[in-house]
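Peer 1: Before I ask anything, let me first share the structure, which is written out below as structure tokens.
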Amino acid sequence: MKAARFTKPLHTEVVDIPQPAIGTDDVLIRVKAAGICGTDIHILKGEYALAQFPMVPGHEFSGEIAAVGANVTRFQLGDRVTADPNIPCNRCENCQRNEPNQCENLAAIGVTRDGGFAEYVSAPESVVFPIGDLSYSDAALIEPLACVAWGLKRVQIQAGDRVLIFGAGPMGALLAQAVSAAGASQVDITDVNPWRLSVMEDLGVTHAVLSDDLPKNAKAFAPKGYDVVVDATGVPAVIQQTPGYARARGKIWIFGVAPDNAMVSFSPYDIFKRDLSIIGSFAVNRTFHEAIMLLQSGKINLEPIVSHQLPLDAFAEGLRLAQEDPQRMKVQFSL
């Protein structure tokens with residue numbers, strides 16, 4: 001089968017490799033669409049310790065069932081599906097506490113085992129979900145939306161909340177729509193990229209403002225500060241700014257993936273005095289069903305989010321676009 005691989009940091013290839021074998025409890029998925037995530041870029045640069053080279057990345061994907069193991073009962077050939085890439089051991093203490101995203105032995109499709117940038121990918125039946133009549137392109141965005149859904153459970157957006165989001169990329173676009181659906185009355189977003197902010201305006205955010213203009217406008221947008229301030233950039237210098245935009249008893253939501261050795265400085269007295277909460281949300285935590293339901297409800301508009309669709313043979317070009325093109329959102333491969 002055709003597959004795109006990272007052979008070592010900053011080196012890629014598209015090659016023919018054997019089709020994945022499946023066990024008795026697994027399914028084989030013929031991939032139809034797969035998207036590039038920021039985590040894939042971290043892996044490419046050698047910044048993600050769990051990944052081992054060579055490897056087939058890709059953890060945002062959808063397709064159809066091509067084969068099933070002997071013990072599989074929920075799926076048949078031709079079923080349209082996606083998969084939660086995170087495979088918990090279900091044995092460690094964290095799994096037993098219903099915290100599978102904190103599994104001590106977590107495996108992940110596209111990270112610790114071959115992923116969806118290939119014609120076929122294997123997955124345990126337990127992490128596979130039907131997608132109904134969603135398009136394959138939309139269904140390949142269920143994983144990032146499931147990350148947002150888990151964060152919503154952690155942060156608990158309240159009716160009428162004012163929310164500020166740093167970062168107007170694909171995740172910022174999903175976050176803006178999801179917090180609005182959860183009850184936020186005002187959703188403001190900021191970025192350095194004017195084109196991306198124009199996309200956010202088309203998606204109906206309250207205010208889309210250039211980062212340099214945010215300090216002078218924030219007081220007008222939210223005179224007492226924001227109820228929830230979200231970082232979707234992973235940039236430490238941006239994260240460090242977030243408490244300054246929160247109201248008393250506000251929440252800081254760390255959603256973006258910062259380098260694992262990065263540090264930021266907050267005033268502990270400020271956190272203490274203003275009753276601020278700092279909340280992280282990592283990956284997904286049994287939230288694929290919620291993400292699928294949210295997409296099927298029509299409350300999330302994905303059309304502006306997928307900016308590029310390429311064949312897998314253009315893997316290197318897709319990675320370049322995902323990192324360099326100022327007019328890009330989500331880059332996907334169609335197979």
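Chain lettering (A, B, ...) mirrors the order of the structure tokens, residue numbering begins at 1 for each chain separately, and ligand numbering begins at 1 in order of display.
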Write out as a ChimeraX atom specification all residues of range 3-167 of chain A that DSSP puts in helix (DSSP H, G or I) for this structure's backbone.
Peer 2: /A:38-44,93-96,100-102,125-127,136-139,142-155
Peer 1: Restricting it to C-alpha atoms, dump the selection as a PDB file, in the first residue's frame.
Peer 2:
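Result written to again22.pdb:
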```
ATOM      1  CA  GLY A  38       0.270  20.543  14.889  1.00  0.00           C
ATOM      2  CA  THR A  39       1.387  17.374  16.683  1.00  0.00           C
ATOM      3  CA  ASP A  40       2.461  15.934  13.318  1.00  0.00           C
ATOM      4  CA  ILE A  41       4.701  18.973  12.835  1.00  0.00           C
ATOM      5  CA  HIS A  42       6.208  18.481  16.297  1.00  0.00           C
ATOM      6  CA  ILE A  43       6.912  14.825  15.402  1.00  0.00           C
ATOM      7  CA  LEU A  44       8.462  15.862  12.075  1.00  0.00           C
ATOM      8  CA  GLU A  93      -4.662   3.248  37.949  1.00  0.00           C
ATOM      9  CA  ASN A  94      -5.510   6.245  35.777  1.00  0.00           C
ATOM     10  CA  CYS A  95      -7.593   4.133  33.406  1.00  0.00           C
ATOM     11  CA  GLN A  96      -9.369   2.570  36.375  1.00  0.00           C
ATOM     12  CA  PRO A 100      -7.856   7.191  29.909  1.00  0.00           C
ATOM     13  CA  ASN A 101      -6.190  10.276  28.413  1.00  0.00           C
ATOM     14  CA  GLN A 102      -3.751  10.035  31.345  1.00  0.00           C
ATOM     15  CA  GLU A 125     -12.808  -2.000  17.379  1.00  0.00           C
ATOM     16  CA  SER A 126     -13.129  -0.307  20.790  1.00  0.00           C
ATOM     17  CA  VAL A 127     -11.892   3.063  19.453  1.00  0.00           C
ATOM     18  CA  TYR A 136     -15.020  11.995   4.939  1.00  0.00           C
ATOM     19  CA  SER A 137     -13.376  15.426   5.047  1.00  0.00           C
ATOM     20  CA  ASP A 138     -15.636  16.557   7.899  1.00  0.00           C
ATOM     21  CA  ALA A 139     -15.213  13.262   9.728  1.00  0.00           C
ATOM     22  CA  ILE A 142     -13.833  14.735  14.602  1.00  0.00           C
ATOM     23  CA  GLU A 143     -10.604  14.091  16.528  1.00  0.00           C
ATOM     24  CA  PRO A 144      -9.662  17.780  16.948  1.00  0.00           C
ATOM     25  CA  LEU A 145     -13.268  18.629  17.799  1.00  0.00           C
ATOM     26  CA  ALA A 146     -13.232  15.835  20.404  1.00  0.00           C
ATOM     27  CA  CYS A 147     -10.208  17.556  21.960  1.00  0.00           C
ATOM     28  CA  VAL A 148     -12.298  20.733  22.167  1.00  0.00           C
ATOM     29  CA  ALA A 149     -15.215  18.781  23.657  1.00  0.00           C
ATOM     30  CA  TRP A 150     -12.992  17.421  26.419  1.00  0.00           C
ATOM     31  CA  GLY A 151     -11.738  20.924  27.166  1.00  0.00           C
ATOM     32  CA  LEU A 152     -15.316  22.186  27.397  1.00  0.00           C
ATOM     33  CA  LYS A 153     -15.985  19.602  30.088  1.00  0.00           C
ATOM     34  CA  ARG A 154     -12.916  20.763  31.990  1.00  0.00           C
ATOM     35  CA  VAL A 155     -13.600  24.499  31.687  1.00  0.00           C
TER      36      VAL A 155
END
```
Peer 1: Residues within 10 Å of range 240-256 of chain A, please, as a ChimeraX atom specification. Count only C-alpha atoms; anything in the same chain fewer than 6 positions from it doesn't count.
Peer 2: /A:38,147-148,151-152,154-157,161-167,171-172,175,214-215,218-219,222-234,263-267,270-283
Peer 1: Only C-alpha atoms, please: the residues just picked out, written as a PDB file, in the first residue's frame.
Peer 2:
```pdb
ATOM      1  CA  GLY A  38       0.270  20.543  14.889  1.00  0.00           C
ATOM      2  CA  CYS A 147     -10.208  17.556  21.960  1.00  0.00           C
ATOM      3  CA  VAL A 148     -12.298  20.733  22.167  1.00  0.00           C
ATOM      4  CA  GLY A 151     -11.738  20.924  27.166  1.00  0.00           C
ATOM      5  CA  LEU A 152     -15.316  22.186  27.397  1.00  0.00           C
ATOM      6  CA  ARG A 154     -12.916  20.763  31.990  1.00  0.00           C
ATOM      7  CA  VAL A 155     -13.600  24.499  31.687  1.00  0.00           C
ATOM      8  CA  GLN A 156     -17.410  24.402  31.992  1.00  0.00           C
ATOM      9  CA  ILE A 157     -18.421  27.411  29.923  1.00  0.00           C
ATOM     10  CA  ASP A 161     -19.632  33.986  29.340  1.00  0.00           C
ATOM     11  CA  ARG A 162     -17.341  36.335  27.472  1.00  0.00           C
ATOM     12  CA  VAL A 163     -14.510  34.346  25.866  1.00  0.00           C
ATOM     13  CA  LEU A 164     -11.227  35.481  24.339  1.00  0.00           C
ATOM     14  CA  ILE A 165      -9.267  33.056  22.142  1.00  0.00           C
ATOM     15  CA  PHE A 166      -5.628  33.519  21.199  1.00  0.00           C
ATOM     16  CA  GLY A 167      -4.987  31.862  17.841  1.00  0.00           C
ATOM     17  CA  MET A 171      -8.350  24.825  16.421  1.00  0.00           C
ATOM     18  CA  GLY A 172      -9.261  28.432  17.139  1.00  0.00           C
ATOM     19  CA  LEU A 175     -13.027  26.488  19.736  1.00  0.00           C
ATOM     20  CA  LEU A 214      -5.729  43.735  21.242  1.00  0.00           C
ATOM     21  CA  PRO A 215      -4.331  45.664  24.236  1.00  0.00           C
ATOM     22  CA  ALA A 218      -9.781  44.615  25.025  1.00  0.00           C
ATOM     23  CA  LYS A 219     -11.027  47.146  27.582  1.00  0.00           C
ATOM     24  CA  ALA A 222     -14.727  43.347  27.934  1.00  0.00           C
ATOM     25  CA  PRO A 223     -14.320  46.224  30.422  1.00  0.00           C
ATOM     26  CA  LYS A 224     -13.978  43.925  33.463  1.00  0.00           C
ATOM     27  CA  GLY A 225     -12.023  41.249  31.602  1.00  0.00           C
ATOM     28  CA  TYR A 226     -13.054  37.947  30.046  1.00  0.00           C
ATOM     29  CA  ASP A 227     -14.682  35.058  31.871  1.00  0.00           C
ATOM     30  CA  VAL A 228     -12.562  32.569  29.904  1.00  0.00           C
ATOM     31  CA  VAL A 229      -9.264  33.237  28.125  1.00  0.00           C
ATOM     32  CA  VAL A 230      -8.113  30.430  25.829  1.00  0.00           C
ATOM     33  CA  ASP A 231      -4.664  29.859  24.393  1.00  0.00           C
ATOM     34  CA  ALA A 232      -4.795  27.930  21.117  1.00  0.00           C
ATOM     35  CA  THR A 233      -1.267  28.885  20.000  1.00  0.00           C
ATOM     36  CA  GLY A 234       1.067  26.955  22.272  1.00  0.00           C
ATOM     37  CA  MET A 263       8.333  27.967  30.938  1.00  0.00           C
ATOM     38  CA  VAL A 264       6.112  30.985  31.540  1.00  0.00           C
ATOM     39  CA  SER A 265       5.925  33.405  34.460  1.00  0.00           C
ATOM     40  CA  PHE A 266       2.735  34.390  36.269  1.00  0.00           C
ATOM     41  CA  SER A 267       2.347  36.450  39.401  1.00  0.00           C
ATOM     42  CA  ASP A 270      -2.349  37.842  41.032  1.00  0.00           C
ATOM     43  CA  ILE A 271      -3.701  34.294  40.641  1.00  0.00           C
ATOM     44  CA  PHE A 272      -4.403  34.185  44.395  1.00  0.00           C
ATOM     45  CA  LYS A 273      -5.870  37.675  44.763  1.00  0.00           C
ATOM     46  CA  ARG A 274      -8.193  37.470  41.760  1.00  0.00           C
ATOM     47  CA  ASP A 275      -9.336  33.866  42.294  1.00  0.00           C
ATOM     48  CA  LEU A 276      -8.091  32.877  38.834  1.00  0.00           C
ATOM     49  CA  SER A 277      -8.207  29.289  37.623  1.00  0.00           C
ATOM     50  CA  ILE A 278      -5.649  27.800  35.226  1.00  0.00           C
ATOM     51  CA  ILE A 279      -7.042  24.751  33.443  1.00  0.00           C
ATOM     52  CA  GLY A 280      -5.312  22.413  31.035  1.00  0.00           C
ATOM     53  CA  SER A 281      -7.026  19.972  28.695  1.00  0.00           C
ATOM     54  CA  PHE A 282      -5.028  17.194  27.080  1.00  0.00           C
ATOM     55  CA  ALA A 283      -6.190  15.312  23.994  1.00  0.00           C
TER      56      ALA A 283
END
```
Peer 1: Would you please work out which residue, of A:Gln158, A:Gln177, A:Ser135, A:Asn105, is nearest to Gln296 in chain A when using only C-alpha atoms?
Peer 2: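 Closest to Gln296 in chain A, using only C-alpha atoms: A:Ser135.
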Peer 1: Could you go through range 76-324 of chain A and tell me which residues DSSP, when run on the backbone, assigns to strand (DSSP E), listing them as a VMD selection string?
Peer 2: chain A and resid 80 to 83 86 to 87 107 to 108 120 to 124 128 to 130 162 to 166 186 to 191 207 to 210 226 to 231 246 to 254 277 to 280 306 to 311
Peer 1: Taking 3 positions as the minimum chain separation for residues in the same chain, which residues sit within 7 Å of range 7-21 of chain A when counting only C-alpha atoms? Answer as a list of chain:residue names.
Peer 2: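 Everything that qualifies: A:Met1, A:Lys2, A:Ala3, A:Ala4, A:Leu44, A:Lys45, A:Gly46, A:Phe53, A:Pro54, A:Met55, A:Tyr120, A:Val121, A:Ser122, A:Asp313, A:Ala316.
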Peer 1: Leaving out Val68 in chain A and any residue of its chain fewer than 4 positions from it, which residues lie within 7 Å of it when counting only C-alpha atoms, given as a list of chain:residue names?
Peer 2: A:Asp26, A:Val27, A:Leu28, A:Val72
Peer 1: Go ahead and write the residues just picked, C-alpha atoms, as a CSV table (one decimal), in the first residue's frame.
Peer 2:
```csv
chain,number,residue,atom,x,y,z
A,26,ASP,CA,-9.3,-5.0,15.2
A,27,VAL,CA,-10.6,-3.5,12.0
A,28,LEU,CA,-8.8,-2.4,8.9
A,72,VAL,CA,-15.5,-7.8,15.8
```
Peer 1: Suppose you want the space between CA of Leu197 in chain A and CA of Asn285 in chain A; what is it in Å?
Peer 2: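 We find that CA of Leu197 in chain A and CA of Asn285 in chain A lie 29.7 Å from each other.
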Peer 1: Give me the residues within 6 Å of Val56 in chain A as a compact mmCIF listing (two decimals) with N, CA and C atoms, in the first residue's frame, counting only C-alpha atoms and dropping any in the same chain fewer than 3 places off.
Peer 2:
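Result file follows (around.txt):
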```txt
# COMPACT_ATOMS: atom_id res chain seq x y z
N ARG A 5 5.72 8.55 5.18
CA ARG A 5 6.44 8.29 6.42
C ARG A 5 7.38 9.43 6.78
N ASP A 114 1.67 3.05 13.52
CA ASP A 114 1.42 3.68 12.22
C ASP A 114 0.01 4.24 12.11
N GLY A 115 -0.08 5.41 11.44
CA GLY A 115 -1.32 6.16 11.40
C GLY A 115 -1.95 6.27 10.04
```
Peer 1: Mind pulling up the distance from CA of Asn98 in chain A to CA of Thr287 in chain A?
Peer 2: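 So the two atoms, CA of Thr287 in chain A and CA of Asn98 in chain A, lie 12.4 Å apart.
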Peer 1: Compare A:Gly58, A:Ala291, A:Phe117, A:Asn301 by their minimum atom-to-atom distance to Met200 in chain A, counting only C-alpha atoms, and give me the closest one.
Peer 2: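 Checking each of A:Gly58, A:Ala291, A:Phe117, A:Asn301 against Met200 in chain A, counting only C-alpha atoms, the winner is A:Asn301.
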Peer 1: Figure out the distance between CA of Gly132 in chain A and CA of Arg80 in chain A, please, to one decimal in Å.
Peer 2: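 Separating CA of Arg80 in chain A from CA of Gly132 in chain A is a distance of 6.8 Å.
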Peer 1: Give the answer as one residue: which of A:Ser211, A:Ala168, A:Pro194, A:Pro259 has the shortest atom-to-atom distance to Glu47 in chain A, using only C-alpha atoms?
Peer 2: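 Nearest candidate to Glu47 in chain A out of A:Ser211, A:Ala168, A:Pro194, A:Pro259: A:Pro259.
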Peer 1: Within 9 Å of Leu321 in chain A, counting only C-alpha atoms, which residues show up once you throw out same-chain ones fewer than 6 positions away? Write them as an MDAnalysis selection string, please.
Peer 2: chainID A and resid 308 327:328 331
Peer 1: Only C-alpha atoms, please: the residues just picked out, written as a PDB file, in the first residue's frame.
Peer 2:
```
ATOM      1  CA  HIS A 308      -6.210  22.619   1.210  1.00  0.00           C
ATOM      2  CA  GLN A 327      -3.610  31.516   3.754  1.00  0.00           C
ATOM      3  CA  ARG A 328      -3.977  28.051   5.171  1.00  0.00           C
ATOM      4  CA  VAL A 331      -4.444  20.804   5.257  1.00  0.00           C
TER       5      VAL A 331
END
```
